[in-house]
$ cat data_30.pdb   # PDB, C-alpha atoms and all ligand atoms
MODEL        1
ATOM      1  CA  MET K 284      34.656   5.334  32.384
ATOM      2  CA  ALA K 285      31.032   4.391  33.058
ATOM      3  CA  THR K 286      30.133   5.716  29.628
ATOM      4  CA  PHE K 287      32.867   3.631  28.081
ATOM      5  CA  GLN K 288      31.771   0.499  29.976
ATOM      6  CA  THR K 289      28.242   0.685  28.652
ATOM      7  CA  ALA K 290      29.493   1.346  25.145
ATOM      8  CA  VAL K 291      32.314  -1.170  25.219
ATOM      9  CA  HIS K 292      30.502  -3.852  23.250
ATOM     10  CA  ASP K 293      29.767  -1.398  20.438
ATOM     11  CA  LEU K 294      33.342  -0.282  19.706
ATOM     12  CA  SER K 295      34.492  -0.592  16.131
ATOM     13  CA  PRO K 296      37.557  -2.758  15.396
ATOM     14  CA  LYS K 297      39.622   0.409  14.911
ATOM     15  CA  GLU K 298      38.448   1.876  18.228
ATOM     16  CA  ARG K 299      39.309  -1.392  19.959
ATOM     17  CA  GLU K 300      42.795  -1.320  18.536
ATOM     18  CA  VAL K 301      43.332   2.299  19.574
ATOM     19  CA  ARG K 302      42.148   1.463  23.083
ATOM     20  CA  GLY K 303      44.719  -1.374  23.267
ATOM     21  CA  GLU K 304      47.540   0.938  22.208
ATOM     22  CA  GLN K 305      46.513   3.429  24.893
ATOM     23  CA  LEU K 306      46.475   0.694  27.578
ATOM     24  CA  LYS K 307      49.936  -0.420  26.533
ATOM     25  CA  ARG K 308      51.268   3.133  26.699
ATOM     26  CA  ASP K 309      49.803   3.441  30.194
ATOM     27  CA  GLY K 310      51.630   0.285  31.353
ATOM     28  CA  ILE K 311      48.415  -1.668  31.872
ATOM     29  CA  VAL K 312      49.121  -5.370  31.309
ATOM     30  CA  ILE K 313      45.661  -6.677  32.134
ATOM     31  CA  ARG K 314      42.375  -4.918  31.430
ATOM     32  CA  THR K 315      39.011  -6.593  31.299
ATOM     33  CA  TYR K 316      35.884  -4.724  30.277
ATOM     34  CA  ASP K 317      32.657  -6.338  31.434
ATOM     35  CA  ILE K 318      33.800  -9.925  30.862
ATOM     36  CA  TRP K 319      31.442 -12.830  31.308
ATOM     37  CA  LYS K 320      31.816 -16.591  31.246
ATOM     38  CA  THR K 321      28.511 -18.376  31.072
ATOM     39  CA  TYR K 322      28.031 -22.132  31.127
ATOM     40  CA  ILE K 323      24.840 -23.775  29.961
ATOM     41  CA  MET K 324      23.865 -26.748  32.127
ATOM     42  CA  GLY K 325      20.653 -28.295  30.847
ATOM     43  CA  ASP K 326      18.147 -25.452  30.932
ATOM     44  CA  GLN K 327      20.263 -23.448  33.418
ATOM     45  CA  GLU K 328      22.735 -20.679  32.745
ATOM     46  CA  ILE K 329      25.651 -20.489  35.168
ATOM     47  CA  HIS K 330      27.477 -17.179  35.179
ATOM     48  CA  ALA K 331      30.851 -18.306  36.548
ATOM     49  CA  VAL K 332      32.225 -14.818  35.802
ATOM     50  CA  SER K 333      29.709 -12.012  35.461
ATOM     51  CA  GLY K 334      30.686  -8.565  34.310
ATOM     52  CA  VAL K 335      34.181  -8.370  35.756
ATOM     53  CA  GLU K 336      36.273  -5.202  35.346
ATOM     54  CA  ILE K 337      39.898  -5.593  36.332
ATOM     55  CA  GLU K 338      42.899  -3.413  35.613
ATOM     56  CA  ILE K 339      46.424  -4.503  36.546
ATOM     57  CA  LYS K 340      49.523  -2.426  35.900
ATOM     58  CA  ARG K 341      53.004  -3.644  35.081
ATOM     59  CA  GLY K 342      54.950  -4.387  38.278
ATOM     60  CA  GLU K 343      51.914  -4.966  40.496
ATOM     61  CA  TYR K 344      51.564  -7.916  42.872
ATOM     62  CA  VAL K 345      47.874  -8.775  43.040
ATOM     63  CA  ALA K 346      45.969 -11.588  44.722
ATOM     64  CA  ILE K 347      42.583 -12.716  43.459
ATOM     65  CA  MET K 348      40.797 -14.158  46.455
ATOM     66  CA  GLY K 349      37.414 -15.744  47.002
ATOM     67  CA  PRO K 350      35.682 -18.801  48.447
ATOM     68  CA  SER K 351      35.377 -22.081  46.588
ATOM     69  CA  GLY K 352      33.014 -21.774  43.622
ATOM     70  CA  SER K 353      33.325 -17.974  43.427
ATOM     71  CA  GLY K 354      34.814 -18.083  39.915
ATOM     72  CA  LYS K 355      38.546 -17.733  40.613
ATOM     73  CA  SER K 356      39.685 -20.545  38.346
ATOM     74  CA  THR K 357      37.361 -19.457  35.569
ATOM     75  CA  LEU K 358      38.693 -15.918  35.830
ATOM     76  CA  MET K 359      42.270 -17.136  35.927
ATOM     77  CA  ASN K 360      41.649 -19.224  32.801
ATOM     78  CA  LEU K 361      40.351 -16.116  31.055
ATOM     79  CA  ILE K 362      43.244 -13.922  32.216
ATOM     80  CA  GLY K 363      45.700 -16.704  31.301
ATOM     81  CA  CYS K 364      44.208 -17.062  27.790
ATOM     82  CA  LEU K 365      43.361 -20.703  28.450
ATOM     83  CA  ASP K 366      39.746 -19.870  27.676
ATOM     84  CA  SER K 367      37.781 -17.092  25.973
ATOM     85  CA  PRO K 368      35.041 -15.006  27.574
ATOM     86  CA  THR K 369      31.418 -15.490  26.484
ATOM     87  CA  LYS K 370      31.142 -11.709  26.344
ATOM     88  CA  GLY K 371      33.260  -8.643  26.995
ATOM     89  CA  LEU K 372      36.729  -7.405  26.133
ATOM     90  CA  TYR K 373      40.037  -8.618  27.497
ATOM     91  CA  TYR K 374      43.276  -6.820  26.707
ATOM     92  CA  LEU K 375      46.556  -8.518  27.539
ATOM     93  CA  ASN K 376      49.542  -6.223  27.103
ATOM     94  CA  GLY K 377      47.591  -4.079  24.643
ATOM     95  CA  LYS K 378      46.336  -6.995  22.536
ATOM     96  CA  LEU K 379      42.666  -7.864  22.402
ATOM     97  CA  ALA K 380      42.838 -11.484  23.582
ATOM     98  CA  SER K 381      39.040 -11.844  23.755
ATOM     99  CA  ASP K 382      38.890 -11.596  19.953
ATOM    100  CA  MET K 383      41.544 -14.234  19.270
ATOM    101  CA  GLU K 384      41.171 -17.677  17.754
ATOM    102  CA  ASP K 385      42.697 -20.643  19.571
ATOM    103  CA  ASP K 386      46.064 -20.686  17.788
ATOM    104  CA  GLU K 387      46.623 -16.968  18.243
ATOM    105  CA  LEU K 388      45.547 -17.296  21.867
ATOM    106  CA  ALA K 389      48.083 -20.088  22.398
ATOM    107  CA  ARG K 390      50.803 -17.886  20.947
ATOM    108  CA  ILE K 391      50.066 -14.877  23.143
ATOM    109  CA  ARG K 392      49.736 -17.200  26.164
ATOM    110  CA  ASN K 393      53.185 -18.706  25.612
ATOM    111  CA  LYS K 394      54.733 -15.312  25.107
ATOM    112  CA  GLU K 395      53.060 -13.250  27.809
ATOM    113  CA  ILE K 396      52.190 -15.621  30.650
ATOM    114  CA  GLY K 397      54.163 -17.803  33.043
ATOM    115  CA  PHE K 398      51.928 -20.281  34.848
ATOM    116  CA  VAL K 399      52.481 -21.750  38.290
ATOM    117  CA  PHE K 400      50.080 -24.462  39.417
ATOM    118  CA  GLN K 401      49.296 -26.069  42.764
ATOM    119  CA  THR K 402      50.617 -29.438  41.608
ATOM    120  CA  PHE K 403      53.791 -28.103  39.903
ATOM    121  CA  ASN K 404      53.074 -29.954  36.607
ATOM    122  CA  LEU K 405      56.704 -30.910  35.984
ATOM    123  CA  LEU K 406      57.875 -33.660  33.639
ATOM    124  CA  ALA K 407      58.819 -36.494  36.005
ATOM    125  CA  ARG K 408      61.563 -37.998  33.844
ATOM    126  CA  ALA K 409      63.279 -34.737  33.008
ATOM    127  CA  SER K 410      65.899 -32.866  35.042
ATOM    128  CA  ALA K 411      65.122 -29.493  36.575
ATOM    129  CA  LEU K 412      67.181 -27.892  33.820
ATOM    130  CA  HIS K 413      65.267 -29.653  31.051
ATOM    131  CA  ASN K 414      61.901 -28.806  32.636
ATOM    132  CA  VAL K 415      62.851 -25.139  32.684
ATOM    133  CA  GLU K 416      64.239 -25.302  29.150
ATOM    134  CA  LEU K 417      61.020 -26.721  27.657
ATOM    135  CA  PRO K 418      59.134 -23.452  27.021
ATOM    136  CA  LEU K 419      62.207 -22.194  25.146
ATOM    137  CA  ILE K 420      62.207 -25.278  22.937
ATOM    138  CA  TYR K 421      58.567 -24.532  22.051
ATOM    139  CA  ALA K 422      59.561 -20.928  21.388
ATOM    140  CA  GLY K 423      62.288 -22.076  18.964
ATOM    141  CA  ILE K 424      65.247 -20.616  20.898
ATOM    142  CA  PRO K 425      68.626 -22.125  19.880
ATOM    143  CA  SER K 426      70.142 -24.630  22.289
ATOM    144  CA  SER K 427      73.099 -22.653  23.654
ATOM    145  CA  GLU K 428      70.906 -19.662  24.518
ATOM    146  CA  ARG K 429      68.301 -22.033  25.962
ATOM    147  CA  LEU K 430      70.743 -23.553  28.408
ATOM    148  CA  GLU K 431      72.039 -20.201  29.494
ATOM    149  CA  ARG K 432      68.563 -18.799  30.082
ATOM    150  CA  ALA K 433      67.336 -21.929  31.872
ATOM    151  CA  ARG K 434      70.335 -21.770  34.223
ATOM    152  CA  GLU K 435      69.785 -18.081  34.828
ATOM    153  CA  SER K 436      66.145 -18.776  35.663
ATOM    154  CA  LEU K 437      67.115 -21.579  38.091
ATOM    155  CA  ARG K 438      69.621 -19.215  39.658
ATOM    156  CA  ALA K 439      66.809 -16.695  40.230
ATOM    157  CA  VAL K 440      65.055 -19.290  42.423
ATOM    158  CA  ASP K 441      68.304 -20.461  44.101
ATOM    159  CA  LEU K 442      68.280 -23.892  42.480
ATOM    160  CA  GLU K 443      71.211 -23.773  40.089
ATOM    161  CA  GLN K 444      73.090 -26.354  42.161
ATOM    162  CA  ARG K 445      70.175 -28.809  41.798
ATOM    163  CA  MET K 446      69.683 -28.385  38.055
ATOM    164  CA  HIS K 447      70.518 -31.988  37.166
ATOM    165  CA  HIS K 448      68.064 -33.437  39.690
ATOM    166  CA  LYS K 449      64.740 -34.907  38.617
ATOM    167  CA  PRO K 450      61.501 -33.903  40.383
ATOM    168  CA  ASN K 451      61.465 -37.053  42.564
ATOM    169  CA  GLU K 452      64.927 -36.101  43.822
ATOM    170  CA  LEU K 453      63.667 -32.715  44.984
ATOM    171  CA  SER K 454      61.482 -31.580  47.904
ATOM    172  CA  GLY K 455      57.995 -30.145  47.312
ATOM    173  CA  GLY K 456      59.270 -26.602  47.763
ATOM    174  CA  GLN K 457      62.150 -27.215  45.377
ATOM    175  CA  ARG K 458      59.754 -28.647  42.784
ATOM    176  CA  GLN K 459      57.611 -25.556  43.012
ATOM    177  CA  ARG K 460      60.730 -23.419  42.601
ATOM    178  CA  VAL K 461      61.569 -25.357  39.422
ATOM    179  CA  ALA K 462      58.032 -24.669  38.209
ATOM    180  CA  ILE K 463      58.494 -20.967  39.002
ATOM    181  CA  ALA K 464      61.830 -20.949  37.133
ATOM    182  CA  ARG K 465      60.046 -22.533  34.171
ATOM    183  CA  ALA K 466      57.310 -19.891  34.345
ATOM    184  CA  LEU K 467      59.934 -17.118  34.324
ATOM    185  CA  VAL K 468      62.190 -18.434  31.565
ATOM    186  CA  ASN K 469      60.209 -16.878  28.700
ATOM    187  CA  ARG K 470      60.379 -13.485  30.469
ATOM    188  CA  PRO K 471      56.593 -13.276  30.537
ATOM    189  CA  SER K 472      54.616 -10.094  31.134
ATOM    190  CA  ILE K 473      52.856 -11.733  34.061
ATOM    191  CA  LEU K 474      53.426 -14.596  36.443
ATOM    192  CA  LEU K 475      50.038 -16.232  37.038
ATOM    193  CA  ALA K 476      49.869 -18.593  40.013
ATOM    194  CA  ASP K 477      46.815 -20.675  40.992
ATOM    195  CA  GLU K 478      46.984 -21.780  44.669
ATOM    196  CA  PRO K 479      50.800 -22.173  44.398
ATOM    197  CA  THR K 480      51.184 -23.200  48.044
ATOM    198  CA  GLY K 481      48.123 -25.466  48.149
ATOM    199  CA  ALA K 482      50.144 -28.701  48.056
ATOM    200  CA  LEU K 483      52.875 -27.546  50.453
ATOM    201  CA  ASP K 484      53.219 -27.530  54.243
ATOM    202  CA  SER K 485      53.020 -24.085  55.797
ATOM    203  CA  ASN K 486      56.771 -23.540  56.274
ATOM    204  CA  THR K 487      57.489 -24.468  52.675
ATOM    205  CA  GLY K 488      54.521 -22.344  51.613
ATOM    206  CA  ASN K 489      56.070 -19.371  53.408
ATOM    207  CA  GLU K 490      59.348 -19.917  51.571
ATOM    208  CA  ILE K 491      57.504 -19.868  48.253
ATOM    209  CA  MET K 492      55.667 -16.690  49.262
ATOM    210  CA  ALA K 493      58.995 -15.081  50.212
ATOM    211  CA  LEU K 494      60.287 -16.040  46.779
ATOM    212  CA  PHE K 495      57.277 -14.380  45.086
ATOM    213  CA  GLU K 496      57.976 -11.242  47.103
ATOM    214  CA  ARG K 497      61.554 -11.206  45.926
ATOM    215  CA  LEU K 498      60.505 -11.783  42.308
ATOM    216  CA  HIS K 499      58.089  -8.887  42.661
ATOM    217  CA  GLU K 500      60.856  -6.679  44.032
ATOM    218  CA  ASP K 501      62.909  -7.712  40.973
ATOM    219  CA  GLY K 502      60.199  -6.146  38.799
ATOM    220  CA  ASN K 503      57.930  -9.071  37.915
ATOM    221  CA  THR K 504      54.164  -8.622  37.658
ATOM    222  CA  ILE K 505      52.441 -11.274  39.755
ATOM    223  CA  VAL K 506      48.820 -12.397  39.875
ATOM    224  CA  LEU K 507      48.111 -14.952  42.564
ATOM    225  CA  VAL K 508      44.830 -16.864  42.862
ATOM    226  CA  THR K 509      43.971 -18.189  46.312
ATOM    227  CA  HIS K 510      41.162 -18.870  48.784
ATOM    228  CA  GLU K 511      43.465 -18.220  51.769
ATOM    229  CA  HIS K 512      43.654 -14.837  53.512
ATOM    230  CA  ASP K 513      47.182 -15.453  54.792
ATOM    231  CA  ILE K 514      48.430 -16.115  51.290
ATOM    232  CA  ALA K 515      46.516 -13.235  49.690
ATOM    233  CA  ASN K 516      47.944 -10.815  52.261
ATOM    234  CA  HIS K 517      51.421 -11.277  50.818
ATOM    235  CA  ALA K 518      50.276  -9.309  47.784
ATOM    236  CA  ASN K 519      50.083  -5.514  47.657
ATOM    237  CA  ARG K 520      46.527  -5.598  46.442
ATOM    238  CA  VAL K 521      43.671  -8.068  46.932
ATOM    239  CA  ILE K 522      40.746  -8.370  44.539
ATOM    240  CA  HIS K 523      37.922 -10.173  46.332
ATOM    241  CA  ILE K 524      35.677 -12.287  44.113
ATOM    242  CA  ARG K 525      32.245 -13.548  45.066
ATOM    243  CA  ASP K 526      29.552 -15.113  42.857
ATOM    244  CA  GLY K 527      31.587 -14.316  39.764
ATOM    245  CA  LYS K 528      31.808 -10.608  40.590
ATOM    246  CA  VAL K 529      34.427  -8.287  42.030
ATOM    247  CA  GLU K 530      33.202  -7.667  45.551
ATOM    248  CA  ARG K 531      36.078  -5.507  46.769
ATOM    249  CA  ASP K 532      39.454  -4.306  45.515
ATOM    250  CA  GLU K 533      41.815  -3.263  48.287
ATOM    251  CA  THR K 534      45.394  -2.250  48.835
ATOM    252  CA  THR K 535      46.861  -4.347  51.621
ATOM    253  CA  THR K 536      48.831  -3.182  54.635
ATOM    254  CA  LYS K 537      51.572  -5.582  53.709
ATOM    255  CA  ALA K 538      54.381  -3.385  54.967
ATOM    256  CA  ALA K 539      53.018  -3.705  58.521
ATOM    257  CA  THR K 540      52.397  -7.455  58.382
ATOM    258  CA  ARG K 541      55.430  -8.436  56.366
ATOM    259  CA  SER K 542      56.505 -12.016  56.963
ATOM    260  CA  PRO K 543      59.784 -12.357  58.881
ATOM    261  CA  MET K 544      60.960 -14.711  56.106
ATOM    262  CA  ALA K 545      60.880 -11.912  53.557
ATOM    263  CA  GLY K 546      64.339 -10.734  52.615
ATOM    264  CA  ASN K 547      65.868 -13.660  54.478
ATOM    265  CA  GLU K 548      66.683 -16.033  51.640
ATOM    266  CA  LYS K 549      67.951 -19.032  53.535
ATOM    267  CA  PHE K 550      65.890 -21.581  51.608
TER     268      PHE K 550
HETATM  269  P1  LIG K 601      36.627 -21.386  42.109
HETATM  270  O1  LIG K 601      37.879 -21.609  41.353
HETATM  271  O2  LIG K 601      36.545 -20.062  42.777
HETATM  272  O3  LIG K 601      36.364 -22.505  43.079
HETATM  273  P2  LIG K 601      35.291 -21.909  39.575
HETATM  274  O4  LIG K 601      35.762 -20.858  38.651
HETATM  275  O5  LIG K 601      35.931 -23.249  39.445
HETATM  276  O6  LIG K 601      35.391 -21.389  41.078
HETATM  277  O7  LIG K 601      33.722 -22.095  39.393
HETATM  278  C1  LIG K 601      32.793 -21.015  39.434
HETATM  279  C2  LIG K 601      31.374 -21.521  39.157
HETATM  280  O8  LIG K 601      31.262 -21.945  37.804
HETATM  281  C3  LIG K 601      30.975 -22.716  40.002
HETATM  282  O9  LIG K 601      29.611 -22.588  40.302
HETATM  283  C4  LIG K 601      31.217 -23.891  39.086
HETATM  284  O10 LIG K 601      30.385 -24.952  39.425
HETATM  285  C5  LIG K 601      30.893 -23.309  37.724
HETATM  286  N1  LIG K 601      31.692 -23.926  36.646
HETATM  287  C6  LIG K 601      33.044 -23.877  36.514
HETATM  288  N2  LIG K 601      33.440 -24.522  35.399
HETATM  289  C7  LIG K 601      32.316 -25.013  34.826
HETATM  290  C8  LIG K 601      32.047 -25.770  33.629
HETATM  291  N3  LIG K 601      33.024 -26.175  32.813
HETATM  292  N4  LIG K 601      30.750 -26.084  33.354
HETATM  293  C9  LIG K 601      29.758 -25.675  34.167
HETATM  294  N5  LIG K 601      29.933 -24.946  35.280
HETATM  295  C10 LIG K 601      31.187 -24.623  35.622
HETATM  296 MG    MG K 602      39.453 -23.032  41.663
ENDMDL
END
$ encode --input "data_30.pdb" --output "structure tokens" --more "lines below"
Ligand code: ADP
Ligand code: MG
Amino acid sequence: MATFQTAVHDLSPKEREVRGEQLKRDGIVIRTYDIWKTYIMGDQEIHAVSGVEIEIKRGEYVAIMGPSGSGKSTLMNLIGCLDSPTKGLYYLNGKLASDMEDDELARIRNKEIGFVFQTFNLLARASALHNVELPLIYAGIPSSERLERARESLRAVDLEQRMHHKPNELSGGQRQRVAIARALVNRPSILLADEPTGALDSNTGNEIMALFERLHEDGNTIVLVTHEHDIANHANRVIHIRDGKVERDETTTKAATRSPMAGNEKF
């Protein structure tokens, strides 16, 4: 692999394509090869992400953890196809996202990634059902199928009975569950969550973490970005980021420290 890393920037277009097909066959949804994001500030170069190599398989539950300013959001924006790397290769589900133009990037993002944000980002005037239906409208799905899938997605987060409520008629935890239902409705390859419990009290945060665990058990691939140990430890694997680099990549002892809420879906 070391040989490949050093040669990665020199691959021909055909070799890049072949590599993507191989990754897809191996069930690797996310693979970065030496990716960098460099910002120019005056006469200074800031390497927000510097030479990161990450590989995530289908069905994994991974936390990306690091202190403030370590490059988590920048890395998440790259993984989520919200931004392109300055240098390096990024394969998402076998496709070379780092080579894509903005419109193609938007398309793969909508298809492959379900985002969950700290502040929910729901439409205030729309019902839970309509919020969840929105990505399907953008995807051009016909209305009857849309409704069915949006309801199914709300059912997966135990909110079907609240589907006609607007965000201000729901609790913080319920709003985040609507946002998670919306992220799931397109059946994305990965669920990408940036500090999803950051705006919630700790009990509600635990409920959301229990929900992520259940979604993982249902087969979803989850990537969670956080600066909190307690949150990161819910994942099966923690990638520690510092100064834009991967400092450590560890498998957690989650089975031993499993939250008592897990498997007890009373929320
Ligand atoms: P985190 O999410 O871990 O707090 P960020 O990814 O937001 O870290 O930032 C990583 C580093 O990159 C920080 O030093 C930050 O100041 C810098 N940075 C982030 N975005 C920009 C930008 N648009 N322009 C210049 N520097 C940036
Ligand atoms: Mg951040």
$ resolve_selection --input "data_30.pdb" --expression "the PyMOL selection byres (((chain K and resi 376) around 10) and not hetatm)" --output "JSON list (two decimals) with C-alpha atoms, in the frame of the given file"
[["chain", "number", "residue", "atom", "x", "y", "z"],
["K", 303, "GLY", "CA", 44.72, -1.37, 23.27],
["K", 304, "GLU", "CA", 47.54, 0.94, 22.21],
["K", 306, "LEU", "CA", 46.48, 0.69, 27.58],
["K", 307, "LYS", "CA", 49.94, -0.42, 26.53],
["K", 308, "ARG", "CA", 51.27, 3.13, 26.70],
["K", 310, "GLY", "CA", 51.63, 0.28, 31.35],
["K", 311, "ILE", "CA", 48.42, -1.67, 31.87],
["K", 312, "VAL", "CA", 49.12, -5.37, 31.31],
["K", 313, "ILE", "CA", 45.66, -6.68, 32.13],
["K", 314, "ARG", "CA", 42.38, -4.92, 31.43],
["K", 340, "LYS", "CA", 49.52, -2.43, 35.90],
["K", 341, "ARG", "CA", 53.00, -3.64, 35.08],
["K", 373, "TYR", "CA", 40.04, -8.62, 27.50],
["K", 374, "TYR", "CA", 43.28, -6.82, 26.71],
["K", 375, "LEU", "CA", 46.56, -8.52, 27.54],
["K", 377, "GLY", "CA", 47.59, -4.08, 24.64],
["K", 378, "LYS", "CA", 46.34, -7.00, 22.54],
["K", 379, "LEU", "CA", 42.67, -7.86, 22.40],
["K", 380, "ALA", "CA", 42.84, -11.48, 23.58],
["K", 391, "ILE", "CA", 50.07, -14.88, 23.14],
["K", 395, "GLU", "CA", 53.06, -13.25, 27.81],
["K", 472, "SER", "CA", 54.62, -10.09, 31.13],
["K", 473, "ILE", "CA", 52.86, -11.73, 34.06]]
$ resolve_selection --input "data_30.pdb" --expression "the PyMOL selection byres (((not hetatm)) within 10 of (chain K and resi 602))" --output "number ranges by chain"
K: 349-360, 477-478, 508-510
$ resolve_selection --input "data_30.pdb" --expression "the PyMOL selection byres (((chain K and resi 459) around 10) and not hetatm)" --output "list in words"
Val399, Phe400, Gln401, Thr402, Phe403, Asn404, Leu405, Val440, Pro450, Leu453, Ser454, Gly455, Gly456, Gln457, Arg458, Arg460, Val461, Ala462, Ile463, Ala464, Arg465, Pro479, Thr480, Ala482, Leu483, Thr487, Gly488 and Ile491 of chain K
$ closest_residue --input "data_30.pdb" --among "K:Ile347, K:Val332, K:Ala290, K:Met324" --to "Ile505 in chain K" --atoms "only C-alpha atoms"
K:Ile347
$ closest_residue --input "data_30.pdb" --among "K:Leu372, K:Asp501, K:Lys320, K:Tyr344" --to "Leu294 in chain K" --atoms "all atoms listed in the file"
K:Leu372
$ axis_aligned_box --input "data_30.pdb" --around "ligand LIG 601 (chain K)" --padding-each-side "6 Å" --output "AutoDock Vina command-line options"
--center_x 33.7 --center_y -23.1 --center_z 37.9 --size_x 20.3 --size_y 18.1 --size_z 22.3
$ closest_residue --input "data_30.pdb" --among "K:Ile514, K:Leu494, K:Ala466, K:Leu388" --to "Val415 in chain K" --atoms "all atoms listed in the file"
K:Ala466
$ atom_distance --input "data_30.pdb" --atom1 "CA of Leu442 in chain K" --atom2 "CA of Asp484 in chain K"
19.5 Å
$ closest_residue --input "data_30.pdb" --among "K:Arg531, K:Pro296, K:Ala331, K:Ile318" --to "ligand LIG 601 (chain K)" --atoms "only C-alpha atoms and all ligand atoms"
K:Ala331
$ closest_residue --input "data_30.pdb" --among "K:Glu500, K:Arg408, K:Trp319, K:Val291" --to "ligand LIG 601 (chain K)" --atoms "all atoms listed in the file"
K:Trp319
$ closest_residue --input "data_30.pdb" --among "K:Ala411, K:Gly423, K:Pro471, K:Ile524" --to "ligand LIG 601 (chain K)" --atoms "all atoms listed in the file"
K:Ile524
$ residues_near_point --input "data_30.pdb" --point "(54.6, -11.0, 38.4)" --cutoff "7 Å" --atoms "all atoms listed in the file" --output "ChimeraX atom specification"
/K:342-344,473-474,499,503-506
$ atom_distance --input "data_30.pdb" --atom1 "CA of Asp382 in chain K" --atom2 "CA of Lys394 in chain K"
17.1 Å
$ atom_distance --input "data_30.pdb" --atom1 "atom N4 of ligand LIG 601 (chain K)" --atom2 "CA of Tyr322 in chain K"
5.3 Å
$ residues_near_point --input "data_30.pdb" --point "(70.2, -21.0, 35.5)" --cutoff "10 Å" --atoms "only C-alpha atoms" --output "MDAnalysis selection string"
chainID K and resid 411:412 415:416 429:444 446 464 468
$ decode --input "data_30.pdb" --residues "range 505-517 of chain K" --atoms "N, CA and C atoms" --output "PDB file, in the first residue's frame"
ATOM      1  N   ILE K 505     -22.565   4.470   9.296  1.00  0.00           N
ATOM      2  CA  ILE K 505     -22.665   5.752   9.985  1.00  0.00           C
ATOM      3  C   ILE K 505     -21.289   6.347  10.245  1.00  0.00           C
ATOM      4  N   VAL K 506     -21.135   7.621   9.887  1.00  0.00           N
ATOM      5  CA  VAL K 506     -19.922   8.361  10.216  1.00  0.00           C
ATOM      6  C   VAL K 506     -20.345   9.564  11.054  1.00  0.00           C
ATOM      7  N   LEU K 507     -19.797   9.624  12.255  1.00  0.00           N
ATOM      8  CA  LEU K 507     -20.211  10.603  13.241  1.00  0.00           C
ATOM      9  C   LEU K 507     -19.015  11.498  13.564  1.00  0.00           C
ATOM     10  N   VAL K 508     -19.193  12.813  13.463  1.00  0.00           N
ATOM     11  CA  VAL K 508     -18.106  13.734  13.770  1.00  0.00           C
ATOM     12  C   VAL K 508     -18.383  14.381  15.121  1.00  0.00           C
ATOM     13  N   THR K 509     -17.417  14.310  16.031  1.00  0.00           N
ATOM     14  CA  THR K 509     -17.655  14.862  17.364  1.00  0.00           C
ATOM     15  C   THR K 509     -16.347  15.235  18.060  1.00  0.00           C
ATOM     16  N   HIS K 510     -16.443  16.142  19.045  1.00  0.00           N
ATOM     17  CA  HIS K 510     -15.255  16.421  19.868  1.00  0.00           C
ATOM     18  C   HIS K 510     -15.398  15.750  21.232  1.00  0.00           C
ATOM     19  N   GLU K 511     -16.526  15.028  21.450  1.00  0.00           N
ATOM     20  CA  GLU K 511     -16.786  14.437  22.759  1.00  0.00           C
ATOM     21  C   GLU K 511     -16.474  12.940  22.805  1.00  0.00           C
ATOM     22  N   HIS K 512     -15.650  12.557  23.790  1.00  0.00           N
ATOM     23  CA  HIS K 512     -15.317  11.144  23.988  1.00  0.00           C
ATOM     24  C   HIS K 512     -16.563  10.273  24.162  1.00  0.00           C
ATOM     25  N   ASP K 513     -17.460  10.739  25.045  1.00  0.00           N
ATOM     26  CA  ASP K 513     -18.639   9.940  25.396  1.00  0.00           C
ATOM     27  C   ASP K 513     -19.483   9.633  24.167  1.00  0.00           C
ATOM     28  N   ILE K 514     -19.540  10.594  23.272  1.00  0.00           N
ATOM     29  CA  ILE K 514     -20.323  10.399  22.047  1.00  0.00           C
ATOM     30  C   ILE K 514     -19.560   9.466  21.101  1.00  0.00           C
ATOM     31  N   ALA K 515     -18.271   9.732  20.929  1.00  0.00           N
ATOM     32  CA  ALA K 515     -17.462   8.915  20.014  1.00  0.00           C
ATOM     33  C   ALA K 515     -17.473   7.450  20.424  1.00  0.00           C
ATOM     34  N   ASN K 516     -17.522   7.191  21.734  1.00  0.00           N
ATOM     35  CA  ASN K 516     -17.461   5.811  22.222  1.00  0.00           C
ATOM     36  C   ASN K 516     -18.699   4.981  21.893  1.00  0.00           C
ATOM     37  N   HIS K 517     -19.730   5.605  21.374  1.00  0.00           N
ATOM     38  CA  HIS K 517     -20.883   4.833  20.913  1.00  0.00           C
ATOM     39  C   HIS K 517     -20.569   4.105  19.610  1.00  0.00           C
TER      40      HIS K 517
END
